[in-house]
$ cat structure-v4.pdb   # PDB, C-alpha atoms, pLDDT in the B column
MODEL        1
ATOM      1  CA  MET A1353      10.364 -34.033  40.354  1.00 93.00           C
ATOM      2  CA  VAL A1354      14.015 -34.095  39.262  1.00 97.00           C
ATOM      3  CA  LYS A1355      15.964 -36.921  40.939  1.00 97.00           C
ATOM      4  CA  LEU A1356      18.965 -37.448  38.621  1.00 98.00           C
ATOM      5  CA  ILE A1357      20.859 -35.151  36.266  1.00 98.00           C
ATOM      6  CA  VAL A1358      23.473 -36.599  33.932  1.00 98.00           C
ATOM      7  CA  PHE A1359      25.895 -34.055  32.516  1.00 98.00           C
ATOM      8  CA  ASP A1360      28.099 -34.170  29.477  1.00 98.00           C
ATOM      9  CA  LEU A1361      31.619 -32.848  30.175  1.00 98.00           C
ATOM     10  CA  ASP A1362      33.303 -31.020  27.270  1.00 98.00           C
ATOM     11  CA  GLY A1363      31.144 -28.113  26.151  1.00 98.00           C
ATOM     12  CA  THR A1364      28.766 -28.502  29.103  1.00 98.00           C
ATOM     13  CA  LEU A1365      30.719 -28.369  32.376  1.00 98.00           C
ATOM     14  CA  ILE A1366      34.143 -27.440  30.996  1.00 98.00           C
ATOM     15  CA  ASP A1367      35.573 -25.325  28.202  1.00 98.00           C
ATOM     16  CA  SER A1368      38.391 -27.541  26.922  1.00 97.00           C
ATOM     17  CA  ARG A1369      38.652 -26.230  23.381  1.00 97.00           C
ATOM     18  CA  LEU A1370      42.178 -24.854  23.469  1.00 97.00           C
ATOM     19  CA  ASP A1371      43.684 -27.921  25.121  1.00 98.00           C
ATOM     20  CA  LEU A1372      41.991 -30.316  22.696  1.00 97.00           C
ATOM     21  CA  ALA A1373      43.081 -28.243  19.707  1.00 97.00           C
ATOM     22  CA  GLY A1374      46.601 -27.974  21.119  1.00 98.00           C
ATOM     23  CA  ALA A1375      46.900 -31.742  21.523  1.00 98.00           C
ATOM     24  CA  VAL A1376      45.653 -32.408  18.011  1.00 98.00           C
ATOM     25  CA  ASN A1377      47.993 -29.858  16.484  1.00 98.00           C
ATOM     26  CA  HIS A1378      50.945 -31.131  18.502  1.00 98.00           C
ATOM     27  CA  MET A1379      50.258 -34.585  17.093  1.00 98.00           C
ATOM     28  CA  ARG A1380      49.940 -33.216  13.581  1.00 98.00           C
ATOM     29  CA  GLY A1381      53.177 -31.256  13.935  1.00 97.00           C
ATOM     30  CA  THR A1382      55.154 -34.300  15.058  1.00 97.00           C
ATOM     31  CA  MET A1383      53.864 -36.132  11.984  1.00 97.00           C
ATOM     32  CA  GLY A1384      54.857 -33.392   9.559  1.00 97.00           C
ATOM     33  CA  LEU A1385      51.365 -31.956   9.101  1.00 97.00           C
ATOM     34  CA  GLU A1386      50.210 -28.348   9.144  1.00 97.00           C
ATOM     35  CA  PRO A1387      48.133 -27.188  12.127  1.00 97.00           C
ATOM     36  CA  LEU A1388      44.359 -26.914  11.921  1.00 97.00           C
ATOM     37  CA  THR A1389      42.359 -23.983  13.225  1.00 96.00           C
ATOM     38  CA  ALA A1390      40.929 -24.443  16.690  1.00 95.00           C
ATOM     39  CA  ASP A1391      37.410 -24.144  15.294  1.00 95.00           C
ATOM     40  CA  ARG A1392      38.056 -26.956  12.836  1.00 96.00           C
ATOM     41  CA  VAL A1393      39.432 -29.237  15.528  1.00 97.00           C
ATOM     42  CA  ILE A1394      36.473 -28.518  17.791  1.00 95.00           C
ATOM     43  CA  SER A1395      34.072 -29.414  14.977  1.00 94.00           C
ATOM     44  CA  PHE A1396      35.522 -32.935  15.239  1.00 95.00           C
ATOM     45  CA  VAL A1397      34.799 -33.279  18.983  1.00 94.00           C
ATOM     46  CA  GLY A1398      31.919 -35.267  20.449  1.00 89.00           C
ATOM     47  CA  ASN A1399      32.305 -38.876  19.411  1.00 92.00           C
ATOM     48  CA  GLY A1400      35.341 -39.918  21.435  1.00 92.00           C
ATOM     49  CA  VAL A1401      39.100 -39.455  21.095  1.00 94.00           C
ATOM     50  CA  PRO A1402      39.658 -42.074  18.352  1.00 95.00           C
ATOM     51  CA  ASN A1403      37.077 -40.391  16.138  1.00 95.00           C
ATOM     52  CA  LEU A1404      38.568 -36.972  16.903  1.00 96.00           C
ATOM     53  CA  VAL A1405      41.994 -38.171  15.758  1.00 97.00           C
ATOM     54  CA  ARG A1406      40.586 -39.987  12.733  1.00 97.00           C
ATOM     55  CA  ARG A1407      38.893 -36.807  11.542  1.00 97.00           C
ATOM     56  CA  ALA A1408      41.959 -34.697  12.327  1.00 97.00           C
ATOM     57  CA  ILE A1409      44.193 -36.751   9.989  1.00 98.00           C
ATOM     58  CA  ALA A1410      41.637 -37.350   7.251  1.00 96.00           C
ATOM     59  CA  ASP A1411      43.619 -35.028   4.967  1.00 93.00           C
ATOM     60  CA  ALA A1412      46.844 -37.036   5.296  1.00 94.00           C
ATOM     61  CA  GLU A1413      48.268 -40.514   4.839  1.00 94.00           C
ATOM     62  CA  VAL A1414      49.671 -41.211   8.288  1.00 96.00           C
ATOM     63  CA  ASP A1415      49.341 -44.158  10.643  1.00 97.00           C
ATOM     64  CA  PHE A1416      46.164 -43.811  12.696  1.00 98.00           C
ATOM     65  CA  ASP A1417      47.358 -45.842  15.677  1.00 97.00           C
ATOM     66  CA  GLU A1418      50.528 -43.775  15.960  1.00 98.00           C
ATOM     67  CA  ALA A1419      48.591 -40.526  15.601  1.00 98.00           C
ATOM     68  CA  LEU A1420      46.205 -41.631  18.341  1.00 97.00           C
ATOM     69  CA  ARG A1421      49.070 -42.632  20.620  1.00 97.00           C
ATOM     70  CA  ARG A1422      50.822 -39.284  20.188  1.00 98.00           C
ATOM     71  CA  MET A1423      47.685 -37.239  20.702  1.00 97.00           C
ATOM     72  CA  LYS A1424      46.672 -39.153  23.856  1.00 96.00           C
ATOM     73  CA  LYS A1425      50.184 -39.002  25.312  1.00 97.00           C
ATOM     74  CA  TYR A1426      50.453 -35.243  24.819  1.00 98.00           C
ATOM     75  CA  TYR A1427      46.912 -34.518  25.998  1.00 97.00           C
ATOM     76  CA  SER A1428      47.381 -36.556  29.176  1.00 96.00           C
ATOM     77  CA  CYS A1429      50.156 -34.133  30.171  1.00 97.00           C
ATOM     78  CA  HIS A1430      48.272 -30.991  29.123  1.00 97.00           C
ATOM     79  CA  LEU A1431      44.725 -31.567  30.357  1.00 97.00           C
ATOM     80  CA  MET A1432      44.608 -28.344  32.315  1.00 97.00           C
ATOM     81  CA  ASP A1433      46.730 -25.833  30.431  1.00 98.00           C
ATOM     82  CA  SER A1434      43.678 -23.762  29.492  1.00 98.00           C
ATOM     83  CA  THR A1435      40.666 -25.862  30.489  1.00 98.00           C
ATOM     84  CA  SER A1436      38.247 -24.262  32.946  1.00 98.00           C
ATOM     85  CA  LEU A1437      34.729 -24.610  34.272  1.00 98.00           C
ATOM     86  CA  TYR A1438      32.067 -22.608  32.527  1.00 98.00           C
ATOM     87  CA  PRO A1439      30.755 -19.739  34.664  1.00 98.00           C
ATOM     88  CA  GLY A1440      28.312 -20.854  37.335  1.00 98.00           C
ATOM     89  CA  VAL A1441      29.146 -24.564  37.189  1.00 98.00           C
ATOM     90  CA  LYS A1442      30.657 -25.025  40.649  1.00 98.00           C
ATOM     91  CA  ALA A1443      27.980 -23.029  42.449  1.00 98.00           C
ATOM     92  CA  GLY A1444      25.282 -24.663  40.341  1.00 98.00           C
ATOM     93  CA  LEU A1445      26.415 -28.221  41.073  1.00 98.00           C
ATOM     94  CA  LYS A1446      26.584 -27.399  44.776  1.00 98.00           C
ATOM     95  CA  GLU A1447      23.072 -25.975  44.720  1.00 98.00           C
ATOM     96  CA  LEU A1448      21.619 -28.936  42.815  1.00 98.00           C
ATOM     97  CA  GLY A1449      23.337 -31.443  45.077  1.00 97.00           C
ATOM     98  CA  ALA A1450      22.036 -29.659  48.165  1.00 97.00           C
ATOM     99  CA  GLN A1451      18.510 -30.275  46.867  1.00 96.00           C
ATOM    100  CA  GLY A1452      19.120 -34.020  47.017  1.00 96.00           C
ATOM    101  CA  ILE A1453      19.465 -34.510  43.267  1.00 97.00           C
ATOM    102  CA  LYS A1454      21.899 -37.219  42.173  1.00 98.00           C
ATOM    103  CA  LEU A1455      24.505 -35.759  39.796  1.00 98.00           C
ATOM    104  CA  ALA A1456      26.614 -37.731  37.335  1.00 98.00           C
ATOM    105  CA  VAL A1457      28.841 -37.235  34.300  1.00 98.00           C
ATOM    106  CA  VAL A1458      28.680 -39.417  31.217  1.00 98.00           C
ATOM    107  CA  THR A1459      31.336 -38.390  28.698  1.00 98.00           C
ATOM    108  CA  ASN A1460      32.992 -39.849  25.629  1.00 97.00           C
ATOM    109  CA  LYS A1461      36.323 -38.597  27.028  1.00 96.00           C
ATOM    110  CA  PRO A1462      38.381 -41.327  28.788  1.00 95.00           C
ATOM    111  CA  THR A1463      37.362 -41.778  32.421  1.00 97.00           C
ATOM    112  CA  GLY A1464      40.814 -41.092  33.836  1.00 96.00           C
ATOM    113  CA  ALA A1465      41.193 -37.770  32.038  1.00 97.00           C
ATOM    114  CA  ALA A1466      37.654 -36.719  32.962  1.00 98.00           C
ATOM    115  CA  THR A1467      38.194 -37.569  36.621  1.00 98.00           C
ATOM    116  CA  VAL A1468      41.518 -35.709  36.839  1.00 98.00           C
ATOM    117  CA  ILE A1469      39.997 -32.590  35.293  1.00 98.00           C
ATOM    118  CA  LEU A1470      36.946 -32.637  37.536  1.00 98.00           C
ATOM    119  CA  GLU A1471      39.070 -33.211  40.645  1.00 98.00           C
ATOM    120  CA  LYS A1472      41.499 -30.408  39.800  1.00 98.00           C
ATOM    121  CA  LEU A1473      38.610 -28.049  39.115  1.00 98.00           C
ATOM    122  CA  GLY A1474      37.136 -28.886  42.510  1.00 98.00           C
ATOM    123  CA  VAL A1475      33.802 -30.375  41.452  1.00 98.00           C
ATOM    124  CA  ALA A1476      34.343 -34.151  41.455  1.00 98.00           C
ATOM    125  CA  GLY A1477      32.956 -34.320  44.976  1.00 98.00           C
ATOM    126  CA  PHE A1478      29.532 -33.202  43.760  1.00 98.00           C
ATOM    127  CA  LEU A1479      29.274 -36.157  41.365  1.00 98.00           C
ATOM    128  CA  ALA A1480      28.022 -39.599  42.311  1.00 98.00           C
ATOM    129  CA  ASP A1481      29.320 -41.160  39.068  1.00 98.00           C
ATOM    130  CA  ILE A1482      31.876 -40.313  36.387  1.00 98.00           C
ATOM    131  CA  ILE A1483      31.519 -42.635  33.390  1.00 98.00           C
ATOM    132  CA  GLY A1484      33.946 -42.187  30.500  1.00 97.00           C
ATOM    133  CA  GLY A1485      34.244 -43.420  26.961  1.00 95.00           C
ATOM    134  CA  ASP A1486      36.589 -46.253  27.944  1.00 95.00           C
ATOM    135  CA  SER A1487      34.074 -47.757  30.375  1.00 96.00           C
ATOM    136  CA  ASP A1488      32.120 -50.956  29.816  1.00 95.00           C
ATOM    137  CA  TYR A1489      29.439 -48.978  27.980  1.00 97.00           C
ATOM    138  CA  PRO A1490      29.475 -47.890  24.319  1.00 97.00           C
ATOM    139  CA  LEU A1491      29.949 -44.222  23.481  1.00 97.00           C
ATOM    140  CA  LYS A1492      27.054 -41.814  23.349  1.00 98.00           C
ATOM    141  CA  PRO A1493      24.702 -41.575  21.489  1.00 98.00           C
ATOM    142  CA  GLU A1494      24.227 -45.147  22.668  1.00 98.00           C
ATOM    143  CA  PRO A1495      22.109 -44.891  25.858  1.00 98.00           C
ATOM    144  CA  ASP A1496      23.657 -47.800  27.795  1.00 98.00           C
ATOM    145  CA  ALA A1497      25.430 -45.707  30.455  1.00 98.00           C
ATOM    146  CA  LEU A1498      22.270 -43.720  31.148  1.00 98.00           C
ATOM    147  CA  ASN A1499      20.228 -46.909  31.224  1.00 97.00           C
ATOM    148  CA  ALA A1500      22.576 -48.258  33.897  1.00 97.00           C
ATOM    149  CA  LEU A1501      22.286 -45.210  36.159  1.00 97.00           C
ATOM    150  CA  ARG A1502      18.513 -45.098  36.372  1.00 94.00           C
ATOM    151  CA  PRO A1503      18.007 -48.551  37.938  1.00 94.00           C
ATOM    152  CA  LYS A1504      21.107 -48.060  40.094  1.00 96.00           C
ATOM    153  CA  TYR A1505      19.232 -45.339  41.950  1.00 95.00           C
ATOM    154  CA  ARG A1506      15.783 -46.947  41.444  1.00 96.00           C
ATOM    155  CA  LEU A1507      14.404 -43.962  39.559  1.00 96.00           C
ATOM    156  CA  PRO A1508      11.681 -43.666  36.923  1.00 95.00           C
ATOM    157  CA  ALA A1509      12.880 -42.259  33.600  1.00 92.00           C
ATOM    158  CA  GLU A1510      10.638 -39.203  33.897  1.00 93.00           C
ATOM    159  CA  SER A1511      12.619 -37.990  36.937  1.00 97.00           C
ATOM    160  CA  CYS A1512      15.944 -38.201  35.066  1.00 98.00           C
ATOM    161  CA  TRP A1513      17.581 -35.533  32.885  1.00 98.00           C
ATOM    162  CA  MET A1514      20.440 -35.422  30.386  1.00 98.00           C
ATOM    163  CA  PHE A1515      22.147 -32.040  29.928  1.00 98.00           C
ATOM    164  CA  GLY A1516      24.656 -31.587  27.136  1.00 98.00           C
ATOM    165  CA  ASP A1517      25.724 -29.508  24.167  1.00 98.00           C
ATOM    166  CA  HIS A1518      25.767 -32.128  21.411  1.00 97.00           C
ATOM    167  CA  TYR A1519      23.354 -34.363  19.537  1.00 97.00           C
ATOM    168  CA  THR A1520      25.105 -37.388  21.041  1.00 97.00           C
ATOM    169  CA  ASP A1521      23.945 -36.274  24.504  1.00 98.00           C
ATOM    170  CA  LEU A1522      20.418 -35.482  23.396  1.00 98.00           C
ATOM    171  CA  GLU A1523      20.032 -38.695  21.411  1.00 98.00           C
ATOM    172  CA  ALA A1524      21.346 -40.797  24.286  1.00 98.00           C
ATOM    173  CA  GLY A1525      18.883 -39.082  26.616  1.00 98.00           C
ATOM    174  CA  ARG A1526      15.979 -39.580  24.231  1.00 98.00           C
ATOM    175  CA  ARG A1527      16.754 -43.256  23.751  1.00 98.00           C
ATOM    176  CA  ALA A1528      17.011 -43.740  27.529  1.00 97.00           C
ATOM    177  CA  GLY A1529      13.666 -42.037  28.079  1.00 97.00           C
ATOM    178  CA  PHE A1530      15.255 -39.101  29.947  1.00 98.00           C
ATOM    179  CA  ARG A1531      14.147 -35.501  29.684  1.00 98.00           C
ATOM    180  CA  ARG A1532      16.766 -33.336  27.984  1.00 98.00           C
ATOM    181  CA  ALA A1533      18.261 -29.850  27.993  1.00 98.00           C
ATOM    182  CA  LEU A1534      20.690 -28.318  25.498  1.00 98.00           C
ATOM    183  CA  ALA A1535      23.703 -26.218  26.493  1.00 98.00           C
ATOM    184  CA  LYS A1536      23.705 -23.688  23.663  1.00 98.00           C
ATOM    185  CA  TYR A1537      26.863 -22.100  25.079  1.00 98.00           C
ATOM    186  CA  GLY A1538      28.895 -25.233  24.286  1.00 97.00           C
ATOM    187  CA  PHE A1539      30.557 -26.247  21.046  1.00 95.00           C
ATOM    188  CA  GLY A1540      28.345 -29.082  19.856  1.00 95.00           C
ATOM    189  CA  GLU A1541      25.275 -29.153  17.621  1.00 94.00           C
ATOM    190  CA  ALA A1542      21.749 -30.484  18.146  1.00 96.00           C
ATOM    191  CA  ARG A1543      21.354 -31.963  14.627  1.00 95.00           C
ATOM    192  CA  GLY A1544      17.589 -32.059  14.735  1.00 95.00           C
ATOM    193  CA  GLU A1545      17.184 -33.310  18.304  1.00 98.00           C
ATOM    194  CA  LYS A1546      14.424 -31.478  20.171  1.00 97.00           C
ATOM    195  CA  PRO A1547      15.275 -30.955  23.854  1.00 98.00           C
ATOM    196  CA  ASP A1548      12.769 -29.964  26.516  1.00 98.00           C
ATOM    197  CA  PHE A1549      14.535 -26.616  26.791  1.00 98.00           C
ATOM    198  CA  GLU A1550      17.702 -24.769  25.762  1.00 98.00           C
ATOM    199  CA  VAL A1551      19.896 -22.473  27.853  1.00 98.00           C
ATOM    200  CA  ASP A1552      22.638 -19.938  27.223  1.00 98.00           C
ATOM    201  CA  SER A1553      24.473 -20.530  30.514  1.00 98.00           C
ATOM    202  CA  PHE A1554      24.853 -23.114  33.273  1.00 98.00           C
ATOM    203  CA  SER A1555      23.227 -20.771  35.764  1.00 98.00           C
ATOM    204  CA  GLU A1556      20.212 -20.537  33.468  1.00 98.00           C
ATOM    205  CA  PHE A1557      20.005 -24.341  33.460  1.00 98.00           C
ATOM    206  CA  VAL A1558      19.990 -24.454  37.260  1.00 98.00           C
ATOM    207  CA  MET A1559      17.197 -21.902  37.378  1.00 97.00           C
ATOM    208  CA  ALA A1560      15.163 -23.681  34.698  1.00 97.00           C
ATOM    209  CA  ILE A1561      15.469 -27.158  36.187  1.00 97.00           C
ATOM    210  CA  LYS A1562      13.848 -25.933  39.409  1.00 90.00           C
ATOM    211  CA  GLY A1563      10.587 -25.665  37.515  1.00 90.00           C
ATOM    212  CA  PHE A1564      10.363 -29.404  36.900  1.00 93.00           C
TER
ENDMDL
END
$ encode --input "structure-v4.pdb" --output "structure tokens"
Amino acid sequence: MVKLIVFDLDGTLIDSRLDLAGAVNHMRGTMGLEPLTADRVISFVGNGVPNLVRRAIADAEVDFDEALRRMKKYYSCHLMDSTSLYPGVKAGLKELGAQGIKLAVVTNKPTGAATVILEKLGVAGFLADIIGGDSDYPLKPEPDALNALRPKYRLPAESCWMFGDHYTDLEAGRRAGFRRALAKYGFGEARGEKPDFEVDSFSEFVMAIKGF
């Protein structure tokens, strides 16, 4: 029986592509660099903001710390310009929570930014925990954050799930002993990880998880 579901954020609960690409290209523009396509920027997402910035300036000789500062400053003021929930997320979280399942987010995005987004989108109240990349735990694919949640709620690993769109989510879940589902509608990649099932929408995930 499912007792805990841990969700990734970007590419799983929210579509944040345009705002992430906008922040990266604003940073690049202020440093005299040409913009990158949104698809290229999104291919850099998944391993935390520092790695996103590092990849986004790999073609230039600019100061990394300054690039990171500029990107984070701009993004903090533009978290919600275009970011939205994927279809079915709010209703799905409500339905899962009503079944007594603990719901949490573990993201490599900073905790403050993740919390603001989830609050403004009206779904933070469904979540028992929001753990970001600046927490006391290492970034996914390290499983430490997941390993901390399971004993917190006194749950066996087989009753816990990780749902995300990227190999970092699936690897973290595998290493924690969780069952795993892949959000194919997101913008990550599985990279050889083999989830228990794959879905094309959040609503499909909610329907599928009822069978476990």
$ atom_distance --input "structure-v4.pdb" --atom1 "CA of Met1423 (chain A)" --atom2 "CA of Leu1385 (chain A)"
13.3 Å
$ closest_residue --input "structure-v4.pdb" --among "A:Leu1370, A:Met1353, A:Ile1469, A:Ala1375" --to "Ala1509 (chain A)" --atoms "all atoms listed in the file"
A:Met1353
$ resolve_selection --input "structure-v4.pdb" --expression "the PyMOL selection byres ((chain A and resi 1531) around 7)" --output "number ranges by chain"
A: 1510, 1512-1514, 1525, 1529-1530, 1532, 1548
$ resolve_selection --input "structure-v4.pdb" --expression "the PyMOL selection byres ((chain A and resi 1433) around 10)" --output "PyMOL selection string"
chain A and resi 1368+1370-1371+1374+1427+1429-1432+1434-1436
$ closest_residue --input "structure-v4.pdb" --among "A:Gly1449, A:Gly1484, A:Gly1538, A:Pro1387" --to "Val1468 (chain A)" --atoms "all atoms listed in the file"
A:Gly1484
